[in-house]
>>> print(open('target-v1.json').read())   # JSON, C-alpha atoms
[["chain", "number", "residue", "atom", "x", "y", "z"],
["W", 192, "MET", "CA", -19.98, -2.74, 13.32],
["W", 193, "THR", "CA", -20.70, 0.07, 15.76],
["W", 194, "ASP", "CA", -19.73, 3.74, 15.63],
["W", 195, "THR", "CA", -16.94, 3.05, 18.11],
["W", 196, "ASP", "CA", -15.67, 0.05, 16.12],
["W", 197, "LEU", "CA", -14.03, 1.88, 13.22],
["W", 198, "ALA", "CA", -12.53, -0.01, 10.28],
["W", 199, "LEU", "CA", -8.86, 0.46, 9.57],
["W", 200, "PRO", "CA", -8.04, 2.49, 6.45],
["W", 201, "LEU", "CA", -7.01, 0.47, 3.42],
["W", 202, "PRO", "CA", -3.58, 1.07, 1.85],
["W", 203, "ALA", "CA", -3.85, 2.80, -1.54],
["W", 204, "MET", "CA", -0.54, 1.29, -2.68],
["W", 205, "PRO", "CA", 1.06, -2.10, -1.98],
["W", 206, "PHE", "CA", 4.09, -0.49, -0.30],
["W", 207, "ILE", "CA", 1.90, 1.12, 2.39],
["W", 208, "LYS", "CA", 1.21, -1.10, 5.37],
["W", 209, "VAL", "CA", -1.43, -0.36, 8.02],
["W", 210, "GLU", "CA", -0.74, -1.78, 11.47],
["W", 211, "PRO", "CA", -3.56, -3.25, 13.61],
["W", 212, "ASN", "CA", -3.45, -0.06, 15.71],
["W", 213, "GLY", "CA", -4.18, 2.02, 12.56],
["W", 214, "VAL", "CA", -0.69, 3.48, 12.12],
["W", 215, "ALA", "CA", 0.45, 3.51, 8.48],
["W", 216, "ARG", "CA", 4.07, 2.98, 7.41],
["W", 217, "LEU", "CA", 6.12, 2.47, 4.26],
["W", 218, "GLU", "CA", 7.58, -0.94, 3.45],
["W", 219, "PHE", "CA", 9.58, -1.62, 0.30],
["W", 220, "GLN", "CA", 10.90, -4.85, -1.18],
["W", 221, "LYS", "CA", 14.72, -4.89, -1.39],
["W", 222, "CYS", "CA", 16.83, -7.37, -3.34],
["W", 223, "THR", "CA", 19.38, -9.11, -1.12],
["W", 224, "ALA", "CA", 21.64, -9.76, -4.14],
["W", 225, "CYS", "CA", 22.02, -6.22, -5.54],
["W", 226, "SER", "CA", 20.13, -3.91, -3.12],
["W", 227, "ALA", "CA", 17.63, -2.76, -5.79],
["W", 228, "PHE", "CA", 14.18, -1.76, -4.58],
["W", 229, "SER", "CA", 10.82, -2.87, -5.91],
["W", 230, "LEU", "CA", 7.46, -1.25, -5.20],
["W", 231, "GLU", "CA", 5.71, -4.51, -6.09],
["W", 232, "THR", "CA", 5.11, -7.14, -3.43],
["W", 233, "ASN", "CA", 4.92, -10.20, -5.67],
["W", 234, "ARG", "CA", 7.92, -10.05, -8.00],
["W", 235, "ILE", "CA", 9.41, -13.38, -9.02],
["W", 236, "ALA", "CA", 12.81, -11.97, -9.97],
["W", 237, "CYS", "CA", 14.75, -8.76, -9.46],
["W", 238, "GLY", "CA", 14.39, -6.36, -12.38],
["W", 239, "LYS", "CA", 17.99, -5.19, -11.99],
["W", 240, "CYS", "CA", 20.05, -8.35, -11.47],
["W", 241, "GLY", "CA", 17.57, -11.14, -12.23],
["W", 242, "ALA", "CA", 18.00, -12.90, -8.87],
["W", 243, "ARG", "CA", 15.01, -15.08, -7.99],
["W", 244, "GLY", "CA", 13.41, -15.14, -4.56],
["W", 245, "SER", "CA", 15.79, -12.47, -3.34],
["W", 246, "PHE", "CA", 13.39, -9.81, -2.01],
["W", 247, "VAL", "CA", 12.94, -9.01, 1.66],
["W", 248, "ALA", "CA", 10.61, -6.42, 3.16],
["W", 249, "GLN", "CA", 12.38, -3.36, 4.51],
["W", 250, "GLN", "CA", 11.15, -0.21, 6.21],
["W", 251, "PRO", "CA", 13.00, 2.91, 5.07],
["W", 252, "GLU", "CA", 15.40, 4.47, 7.56],
["W", 253, "THR", "CA", 14.03, 7.89, 6.70],
["W", 254, "THR", "CA", 10.97, 9.29, 4.93],
["W", 255, "THR", "CA", 12.87, 12.12, 3.24],
["W", 256, "GLY", "CA", 13.79, 12.47, -0.37],
["W", 257, "THR", "CA", 14.71, 14.82, -3.22],
["W", 258, "LEU", "CA", 12.34, 16.20, -5.84],
["W", 259, "HIS", "CA", 13.45, 14.71, -9.15],
["W", 260, "SER", "CA", 10.69, 15.89, -11.50],
["W", 261, "TYR", "CA", 7.24, 17.47, -11.35],
["W", 262, "SER", "CA", 4.31, 18.59, -13.45],
["W", 263, "ILE", "CA", 1.58, 21.05, -12.52],
["W", 264, "VAL", "CA", -1.68, 19.42, -13.58],
["W", 265, "HIS", "CA", -4.46, 21.76, -14.70],
["W", 266, "ARG", "CA", -6.83, 19.23, -16.32],
["W", 267, "SER", "CA", -7.82, 15.92, -14.76],
["W", 268, "PHE", "CA", -10.65, 13.44, -14.32],
["W", 269, "PRO", "CA", -14.04, 14.77, -13.19],
["W", 270, "GLY", "CA", -14.11, 15.18, -9.41],
["W", 271, "VAL", "CA", -10.34, 15.65, -9.08],
["W", 272, "ALA", "CA", -9.49, 19.15, -7.87],
["W", 273, "VAL", "CA", -6.96, 21.01, -10.01],
["W", 274, "PRO", "CA", -4.36, 22.37, -10.10],
["W", 275, "PHE", "CA", -2.17, 19.91, -8.26],
["W", 276, "VAL", "CA", 1.51, 19.03, -8.46],
["W", 277, "SER", "CA", 2.37, 15.51, -9.62],
["W", 278, "ALA", "CA", 5.93, 14.72, -8.56],
["W", 279, "ILE", "CA", 8.63, 12.08, -8.72],
["W", 280, "VAL", "CA", 10.82, 11.90, -5.62],
["W", 281, "ASP", "CA", 14.04, 9.95, -5.15],
["W", 282, "MET", "CA", 13.83, 8.63, -1.59],
["W", 283, "ASP", "CA", 16.98, 8.88, 0.51],
["W", 284, "ASN", "CA", 18.35, 5.31, 0.56],
["W", 285, "GLY", "CA", 15.24, 4.01, -1.18],
["W", 286, "PRO", "CA", 13.26, 3.84, -4.41],
["W", 287, "SER", "CA", 11.79, 6.63, -6.50],
["W", 288, "LEU", "CA", 8.10, 7.32, -5.85],
["W", 289, "LYS", "CA", 5.44, 9.17, -7.81],
["W", 290, "GLY", "CA", 2.81, 11.12, -5.89],
["W", 291, "ASN", "CA", 1.34, 14.54, -5.25],
["W", 292, "LEU", "CA", 3.39, 17.39, -3.82],
["W", 293, "ARG", "CA", 1.31, 19.44, -1.40],
["W", 294, "GLY", "CA", 1.88, 22.25, 1.06],
["W", 295, "ILE", "CA", 3.42, 24.51, -1.58],
["W", 296, "ALA", "CA", 2.11, 26.97, -4.15],
["W", 297, "GLN", "CA", 1.35, 25.32, -7.48],
["W", 298, "ASP", "CA", 3.60, 27.53, -9.57],
["W", 299, "PRO", "CA", 7.12, 26.98, -10.96],
["W", 300, "GLU", "CA", 8.57, 29.86, -8.94],
["W", 301, "SER", "CA", 7.77, 28.05, -5.68],
["W", 302, "ILE", "CA", 9.02, 24.60, -6.71],
["W", 303, "SER", "CA", 12.64, 23.72, -7.38],
["W", 304, "LEU", "CA", 14.18, 20.49, -8.60],
["W", 305, "GLY", "CA", 16.42, 19.01, -5.94],
["W", 306, "MET", "CA", 14.37, 20.41, -3.06],
["W", 307, "ALA", "CA", 14.10, 18.24, 0.04],
["W", 308, "VAL", "CA", 10.70, 16.70, 0.76],
["W", 309, "ASN", "CA", 9.12, 14.39, 3.32],
["W", 310, "VAL", "CA", 6.84, 11.50, 2.51],
["W", 311, "VAL", "CA", 3.63, 11.86, 4.53],
["W", 312, "LEU", "CA", 1.03, 9.12, 4.90],
["W", 313, "ASP", "CA", -2.46, 10.58, 5.13],
["W", 314, "ASP", "CA", -6.10, 10.13, 4.17],
["W", 315, "ALA", "CA", -6.39, 9.64, 0.39],
["W", 316, "LEU", "CA", -8.42, 12.80, -0.32],
["W", 317, "ASN", "CA", -11.58, 11.39, 1.30],
["W", 318, "ARG", "CA", -11.78, 8.60, -1.31],
["W", 319, "LYS", "CA", -13.82, 5.57, -0.23],
["W", 320, "ASP", "CA", -14.54, 2.17, -1.72],
["W", 321, "ASP", "CA", -18.08, 0.96, -2.41],
["W", 322, "GLN", "CA", -18.38, -0.28, 1.19],
["W", 323, "GLY", "CA", -17.40, 3.08, 2.70],
["W", 324, "ASN", "CA", -13.83, 2.11, 3.67],
["W", 325, "SER", "CA", -11.32, 4.95, 3.58],
["W", 326, "TYR", "CA", -7.83, 4.77, 2.09],
["W", 327, "VAL", "CA", -4.43, 5.96, 3.26],
["W", 328, "SER", "CA", -1.98, 7.19, 0.61],
["W", 329, "HIS", "CA", 1.40, 8.88, 0.36],
["W", 330, "PHE", "CA", 2.04, 12.56, -0.37],
["W", 331, "PHE", "CA", 5.13, 14.73, -0.50],
["W", 332, "GLU", "CA", 5.60, 17.94, 1.49],
["W", 333, "PRO", "CA", 8.55, 20.33, 1.41],
["W", 334, "VAL", "CA", 10.97, 20.02, 4.32],
["W", 335, "ALA", "CA", 10.54, 23.13, 6.43],
["W", 336, "ALA", "CA", 13.54, 25.45, 6.34],
["W", 337, "LYS", "CA", 15.29, 25.65, 9.70]]
>>> encode(input="target-v1.json", output="structure tokens")
Amino acid sequence: MTDTDLALPLPAMPFIKVEPNGVARLEFQKCTACSAFSLETNRIACGKCGARGSFVAQQPETTTGTLHSYSIVHRSFPGVAVPFVSAIVDMDNGPSLKGNLRGIAQDPESISLGMAVNVVLDDALNRKDDQGNSYVSHFFEPVAAK
């Protein structure tokens, strides 16, 4: 591999897909019987209705969602910068996702339940595997007020 022949980033989660051109996108599994979503790619049956073989891959129509819950983390594993905001977001017309909320002060006065956020796919905090491959992960950012 040469310096000009860069490896594609690896998806940090199974619902992140990286295209051959390097563009990352979300792709969820949706049950055709009951419209439930799954973040897993290898489910045998739907967890909601029990239908077998009913999942199809679907890209979300939008990458926006609503903040459902959050926690400001002050203690973490060695090498993980704190504080950070761990959040659960209900995607518009999609599943609920857990991830980090960034682009906002890490204090309760700045964060409000129900606030609109975007899902952003970005470098996974400079994390690399043992072969030097980078990862792409998902983060949440507040929707800018207009």
>>> residues_around(input="target-v1.json", residues="Val264 (chain W)", least_positions_apart="3", cutoff="8 Å", atoms="only C-alpha atoms", output="list in words")
Ser267, Val273, Pro274, Phe275, Val276 and Ser277 of chain W
>>> residues_around(input="target-v1.json", residues="Glu210 (chain W)", least_positions_apart="4", cutoff="10 Å", atoms="all atoms listed in the file", output="PDB file with C-alpha atoms, in the frame of the given file")
ATOM      1  CA  LEU W 199      -8.860   0.460   9.570  1.00  0.00           C
ATOM      2  CA  PRO W 200      -8.040   2.490   6.450  1.00  0.00           C
ATOM      3  CA  VAL W 214      -0.690   3.480  12.120  1.00  0.00           C
ATOM      4  CA  ALA W 215       0.450   3.510   8.480  1.00  0.00           C
ATOM      5  CA  ARG W 216       4.070   2.980   7.410  1.00  0.00           C
TER       6      ARG W 216
END
>>> atom_distance(input="target-v1.json", atom1="CA of Val308 (chain W)", atom2="CA of Asp281 (chain W)")
9.6 Å
>>> closest_residue(input="target-v1.json", among="W:Lys221, W:Pro269, W:Thr254, W:Ser260", to="Ala242 (chain W)", atoms="all atoms listed in the file")
W:Lys221
>>> atom_distance(input="target-v1.json", atom1="CA of Pro333 (chain W)", atom2="CA of Gly270 (chain W)")
25.6 Å
>>> atom_distance(input="target-v1.json", atom1="CA of Glu218 (chain W)", atom2="CA of Ala248 (chain W)")
6.3 Å
>>> axis_aligned_box(input="target-v1.json", around="region 267-286 of chain W", padding_each_side="8 Å", output="AutoDock Vina command-line options")
--center_x 2.1 --center_y 13.1 --center_z -7.1 --size_x 48.5 --size_y 34.5 --size_z 31.3
>>> residues_around(input="target-v1.json", residues="region 313-325 of chain W", least_positions_apart="4", cutoff="10 Å", atoms="only C-alpha atoms", output="PyMOL selection string")
chain W and resi 197-203+215+271-272+329-330
>>> write_last_selection(input="target-v1.json", atoms="C-alpha atoms", output="PDB file, keeping the file's coordinate frame")
ATOM      1  CA  LEU W 197     -14.030   1.880  13.220  1.00  0.00           C
ATOM      2  CA  ALA W 198     -12.530  -0.010  10.280  1.00  0.00           C
ATOM      3  CA  LEU W 199      -8.860   0.460   9.570  1.00  0.00           C
ATOM      4  CA  PRO W 200      -8.040   2.490   6.450  1.00  0.00           C
ATOM      5  CA  LEU W 201      -7.010   0.470   3.420  1.00  0.00           C
ATOM      6  CA  PRO W 202      -3.580   1.070   1.850  1.00  0.00           C
ATOM      7  CA  ALA W 203      -3.850   2.800  -1.540  1.00  0.00           C
ATOM      8  CA  ALA W 215       0.450   3.510   8.480  1.00  0.00           C
ATOM      9  CA  VAL W 271     -10.340  15.650  -9.080  1.00  0.00           C
ATOM     10  CA  ALA W 272      -9.490  19.150  -7.870  1.00  0.00           C
ATOM     11  CA  HIS W 329       1.400   8.880   0.360  1.00  0.00           C
ATOM     12  CA  PHE W 330       2.040  12.560  -0.370  1.00  0.00           C
TER      13      PHE W 330
END
>>> closest_residue(input="target-v1.json", among="W:Cys240, W:Leu258, W:Val209, W:Cys225", to="Leu288 (chain W)", atoms="only C-alpha atoms")
W:Leu258
>>> residues_around(input="target-v1.json", residues="Gly244 (chain W)", least_positions_apart="5", cutoff="9 Å", atoms="only C-alpha atoms", output="PyMOL selection string")
chain W and resi 222+234-237
>>> closest_residue(input="target-v1.json", among="W:Leu217, W:Ala296, W:Leu230, W:Ile263", to="Val310 (chain W)", atoms="all atoms listed in the file")
W:Leu217
>>> closest_residue(input="target-v1.json", among="W:Ser245, W:Thr253, W:Thr223, W:Thr232", to="Gly285 (chain W)", atoms="all atoms listed in the file")
W:Thr253
>>> closest_residue(input="target-v1.json", among="W:Gln249, W:Ser262, W:Asn212, W:Asn233", to="Pro299 (chain W)", atoms="only C-alpha atoms")
W:Ser262
>>> closest_residue(input="target-v1.json", among="W:Tyr261, W:Phe246, W:Tyr326, W:Phe331", to="Gly213 (chain W)", atoms="all atoms listed in the file")
W:Tyr326
>>> residues_around(input="target-v1.json", residues="Val280 (chain W)", least_positions_apart="3", cutoff="7 Å", atoms="only C-alpha atoms", output="list in words")
Gly256, Thr257, Leu258, His259, Ser287, Leu288 and Lys289 of chain W
